[in-house]
Every structure is written in structure tokens, then in C-alpha cells.
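Enquirer: Let me begin by handing over the structure; questions about it come next.
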Amino acid sequence: VPTQTADGAPALTGTPVSVEVTGDFGTEPVVAITPGDPVAELEVTDVIVGTGDEVPAGATVTADYVGYGAATGVMFDASWLRGEPATFPLANVILGWQEGLVGMQVGGRRLLVIPAELGYGNNPPPGSGIEPGETLIFVVDLVSFE
């Protein structure tokens, strides 16, 4: 019987997700994922610390990125595949990006491990390859922001 938290949700007692990222800024990262249980909180790790200005909340960012499902280890999206960085207002993206990219410096590479509640929850975009309730893993290279 799985243990439960005070609010009745199952406690996370299994294997944590493990992610290793290698490669240089501006090149597609090599991402090795050991699938694990869903995470409860946003995990933010600077793989490469940038030297530019820090992103404020509500900025419009230009970034190269790759996204994986933590349960499957399968890539579901990557700007690298399109051959150019994507530009978007943080206000229009999932909460994990809105919170996880604030304070990131231009020229940096950041790993985001995003709980489902800050991603797509139980309603991922149809055909996205993202499982309902899945933890999301993104590696983001910040090119610039406005």
C-alpha cells in the first residue's frame, strides 16, 4: 500500500528522475534521462551559467530548447529540429517556464524538471507525446530576451 500525504495524495517514495546534460551552449544538448516518479516541485539547475542580463518575469524570450517526458524519456519537442530558436512571451507558456526561466542569464543553459501541475497536468496537447500527469524535462539555451 503506498503511503499518502495529509491531503490524501500518494507520497513520492520511489525512484527520483535523474537527468544528465552535456554539450556546449548553442549546440543541441545530449540529455540522458533515468525515468522515475513524478516530481512534486519545480527543479531548476543552471548547467551553464550565462554572462548576460537576467530574465525578468513577463519578458519575451528567444531560446533554443528540447523537451522530454520524464516517465518515458521520449523527446516531444525541440527547437533544434526546426533549425532556429523560438521566441515567445513567458506569459504564454506553461507555468514551469514562467517560473523556471526568471533570473536566467543570457548565454546560459538551464535544466527544468517540471511537475505536471506546472506543465500540462492531466490534459497534455493531443498528439504531443506527453502522458497525462507526466513530469516534463526541458533543457533551455537562452539566446536573448526583450
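Residue numbering restarts at 1 in every chain; chains get A, B, ... in the order shown in the C-alpha cells, and ligands count up from 1 in that same order.
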For Asp24 in chain A, find every residue with an atom within 10 Å (counting only C-alpha atoms), except residues of its own chain fewer than 2 positions away, and show them as number ranges by chain.
Expert: A: 21-22, 26-30, 47-48, 108-109, 141
Enquirer: DSSP says alpha helix (DSSP H) for which residues of chain A? Put them as a list in words?
Expert: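 DSSP-assigned alpha helix (DSSP H) residues in chain A: Ser79, Trp80, Leu81, Arg82, Leu95, Gly96, Trp97, Gln98, Glu99 and Gly100 of chain A.
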Enquirer: If you count only C-alpha atoms, which residues fall within 12 Å of range 121-129 of chain A, apart from same-chain ones fewer than 6 positions away, as a PDB file with N, CA and C atoms, in the first residue's frame?
Expert:
```pdb
ATOM      1  N   PRO A  38       7.031  10.950 -10.566  1.00  0.00           N
ATOM      2  CA  PRO A  38       6.773  12.381 -10.796  1.00  0.00           C
ATOM      3  C   PRO A  38       7.394  13.234  -9.686  1.00  0.00           C
ATOM      4  N   GLY A  67      12.548  19.277 -25.170  1.00  0.00           N
ATOM      5  CA  GLY A  67      11.664  18.809 -24.113  1.00  0.00           C
ATOM      6  C   GLY A  67      11.469  17.304 -24.162  1.00  0.00           C
ATOM      7  N   TYR A  68      11.498  16.690 -22.983  1.00  0.00           N
ATOM      8  CA  TYR A  68      11.319  15.248 -22.846  1.00  0.00           C
ATOM      9  C   TYR A  68      10.261  14.957 -21.791  1.00  0.00           C
ATOM     10  N   GLY A  69       9.591  13.822 -21.934  1.00  0.00           N
ATOM     11  CA  GLY A  69       8.726  13.309 -20.880  1.00  0.00           C
ATOM     12  C   GLY A  69       9.570  12.506 -19.911  1.00  0.00           C
ATOM     13  N   ALA A  70       9.408  12.767 -18.612  1.00  0.00           N
ATOM     14  CA  ALA A  70      10.227  12.083 -17.611  1.00  0.00           C
ATOM     15  C   ALA A  70       9.830  10.621 -17.438  1.00  0.00           C
ATOM     16  N   ALA A  71       8.568  10.304 -17.666  1.00  0.00           N
ATOM     17  CA  ALA A  71       8.118   8.920 -17.482  1.00  0.00           C
ATOM     18  C   ALA A  71       8.603   8.023 -18.613  1.00  0.00           C
ATOM     19  N   THR A  72       8.688   8.591 -19.817  1.00  0.00           N
ATOM     20  CA  THR A  72       9.028   7.799 -20.999  1.00  0.00           C
ATOM     21  C   THR A  72      10.454   8.038 -21.480  1.00  0.00           C
ATOM     22  N   GLY A  73      11.030   9.201 -21.145  1.00  0.00           N
ATOM     23  CA  GLY A  73      12.348   9.560 -21.659  1.00  0.00           C
ATOM     24  C   GLY A  73      12.324   9.928 -23.131  1.00  0.00           C
ATOM     25  N   VAL A  74      11.112  10.127 -23.683  1.00  0.00           N
ATOM     26  CA  VAL A  74      10.949  10.402 -25.109  1.00  0.00           C
ATOM     27  C   VAL A  74      10.904  11.914 -25.359  1.00  0.00           C
ATOM     28  N   MET A  75      11.676  12.375 -26.377  1.00  0.00           N
ATOM     29  CA  MET A  75      11.640  13.777 -26.766  1.00  0.00           C
ATOM     30  C   MET A  75      10.295  14.078 -27.427  1.00  0.00           C
ATOM     31  N   PHE A  76       9.654  15.169 -26.999  1.00  0.00           N
ATOM     32  CA  PHE A  76       8.377  15.544 -27.620  1.00  0.00           C
ATOM     33  C   PHE A  76       8.461  16.854 -28.386  1.00  0.00           C
ATOM     34  N   ASP A  77       9.518  17.648 -28.166  1.00  0.00           N
ATOM     35  CA  ASP A  77       9.647  18.904 -28.898  1.00  0.00           C
ATOM     36  C   ASP A  77      11.091  19.379 -28.802  1.00  0.00           C
ATOM     37  N   ALA A  78      11.554  20.064 -29.857  1.00  0.00           N
ATOM     38  CA  ALA A  78      12.893  20.650 -29.831  1.00  0.00           C
ATOM     39  C   ALA A  78      12.997  21.723 -30.901  1.00  0.00           C
ATOM     40  N   ILE A  94       3.830  27.430 -20.357  1.00  0.00           N
ATOM     41  CA  ILE A  94       3.475  26.719 -19.125  1.00  0.00           C
ATOM     42  C   ILE A  94       4.132  27.377 -17.906  1.00  0.00           C
ATOM     43  N   LEU A  95       3.506  27.198 -16.760  1.00  0.00           N
ATOM     44  CA  LEU A  95       3.984  27.825 -15.529  1.00  0.00           C
ATOM     45  C   LEU A  95       5.420  27.432 -15.187  1.00  0.00           C
ATOM     46  N   GLY A  96       5.809  26.199 -15.519  1.00  0.00           N
ATOM     47  CA  GLY A  96       7.168  25.761 -15.236  1.00  0.00           C
ATOM     48  C   GLY A  96       8.211  26.613 -15.943  1.00  0.00           C
ATOM     49  N   ILE A 114       9.930  19.779 -14.439  1.00  0.00           N
ATOM     50  CA  ILE A 114       8.663  20.473 -14.166  1.00  0.00           C
ATOM     51  C   ILE A 114       7.577  19.481 -13.761  1.00  0.00           C
ATOM     52  N   PRO A 115       7.014  19.648 -12.553  1.00  0.00           N
ATOM     53  CA  PRO A 115       5.900  18.773 -12.176  1.00  0.00           C
ATOM     54  C   PRO A 115       4.703  19.024 -13.087  1.00  0.00           C
ATOM     55  N   THR A 135       5.741  14.385 -15.581  1.00  0.00           N
ATOM     56  CA  THR A 135       6.783  15.364 -15.296  1.00  0.00           C
ATOM     57  C   THR A 135       7.482  15.681 -16.615  1.00  0.00           C
ATOM     58  N   LEU A 136       7.783  16.957 -16.850  1.00  0.00           N
ATOM     59  CA  LEU A 136       8.443  17.384 -18.084  1.00  0.00           C
ATOM     60  C   LEU A 136       9.879  17.796 -17.790  1.00  0.00           C
TER      61      LEU A 136
END
```
Enquirer: Please give the complete set of residues from range 77-115 of chain A that DSSP, run on the backbone, assigns to strand (DSSP E), formatted as a PyMOL selection string.
Expert: chain A and resi 77-78+86-89+109-114
Enquirer: Find the spatial neighbours of Phe88 in chain A, counting only C-alpha atoms, within a cut-off of 9 Å - ignore same-chain residues fewer than 5 positions away - and output them as a list in words.
Expert: Ala59, Thr60, Val61, Thr62, Ala63 and Val93 of chain A
Enquirer: Generate the output file for the selected residues, N, CA, C and O atoms, as a PDB file, in the first residue's frame.
Expert:
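Dumped to result_28.pdb:
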```
ATOM      1  N   ALA A  59       8.976  38.696 -19.448  1.00  0.00           N
ATOM      2  CA  ALA A  59       9.793  39.018 -20.622  1.00  0.00           C
ATOM      3  C   ALA A  59       9.357  38.166 -21.818  1.00  0.00           C
ATOM      4  O   ALA A  59       8.670  37.158 -21.677  1.00  0.00           O
ATOM      5  N   THR A  60       9.778  38.589 -23.004  1.00  0.00           N
ATOM      6  CA  THR A  60       9.668  37.768 -24.210  1.00  0.00           C
ATOM      7  C   THR A  60      11.057  37.210 -24.461  1.00  0.00           C
ATOM      8  O   THR A  60      12.018  37.966 -24.590  1.00  0.00           O
ATOM      9  N   VAL A  61      11.165  35.879 -24.470  1.00  0.00           N
ATOM     10  CA  VAL A  61      12.473  35.236 -24.580  1.00  0.00           C
ATOM     11  C   VAL A  61      12.671  34.603 -25.953  1.00  0.00           C
ATOM     12  O   VAL A  61      11.717  34.189 -26.606  1.00  0.00           O
ATOM     13  N   THR A  62      13.933  34.543 -26.367  1.00  0.00           N
ATOM     14  CA  THR A  62      14.338  33.793 -27.548  1.00  0.00           C
ATOM     15  C   THR A  62      15.286  32.716 -27.038  1.00  0.00           C
ATOM     16  O   THR A  62      16.290  33.030 -26.378  1.00  0.00           O
ATOM     17  N   ALA A  63      14.920  31.451 -27.291  1.00  0.00           N
ATOM     18  CA  ALA A  63      15.678  30.343 -26.714  1.00  0.00           C
ATOM     19  C   ALA A  63      15.658  29.132 -27.635  1.00  0.00           C
ATOM     20  O   ALA A  63      14.711  28.920 -28.388  1.00  0.00           O
ATOM     21  N   VAL A  93       3.370  30.706 -21.948  1.00  0.00           N
ATOM     22  CA  VAL A  93       3.901  29.341 -21.850  1.00  0.00           C
ATOM     23  C   VAL A  93       3.506  28.716 -20.509  1.00  0.00           C
ATOM     24  O   VAL A  93       2.943  29.375 -19.640  1.00  0.00           O
TER      25      VAL A  93
END
```
Enquirer: To one decimal in Å, tell me the separation between CA of Thr34 in chain A and CA of Ser18 in chain A.
Expert: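 These atoms are spaced 5.0 Å apart.
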Enquirer: Tell me which of A:Gly58, A:Gly100, A:Pro35, A:Pro132 sits closest to Thr15 in chain A, counting only C-alpha atoms.
Expert: A:Pro35
Enquirer: Which is closer to Ser144 in chain A than all the others in A:Asp37, A:Asp64, A:Asp46, A:Glu20, using only C-alpha atoms?
Expert: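 Counting only C-alpha atoms, the residue closest to Ser144 in chain A is A:Asp64.
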Enquirer: Just to confirm, what's the straight-line distance from CA of Val143 in chain A to CA of Ile130 in chain A in Å (one decimal)?
Expert: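 Going from CA of Val143 in chain A over to CA of Ile130 in chain A covers 25.8 Å.
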Enquirer: Suppose you want the space between CA of Pro89 in chain A and CA of Val55 in chain A; what is it in Å?
Expert: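 Computing it gives 11.4 Å between the two atoms.
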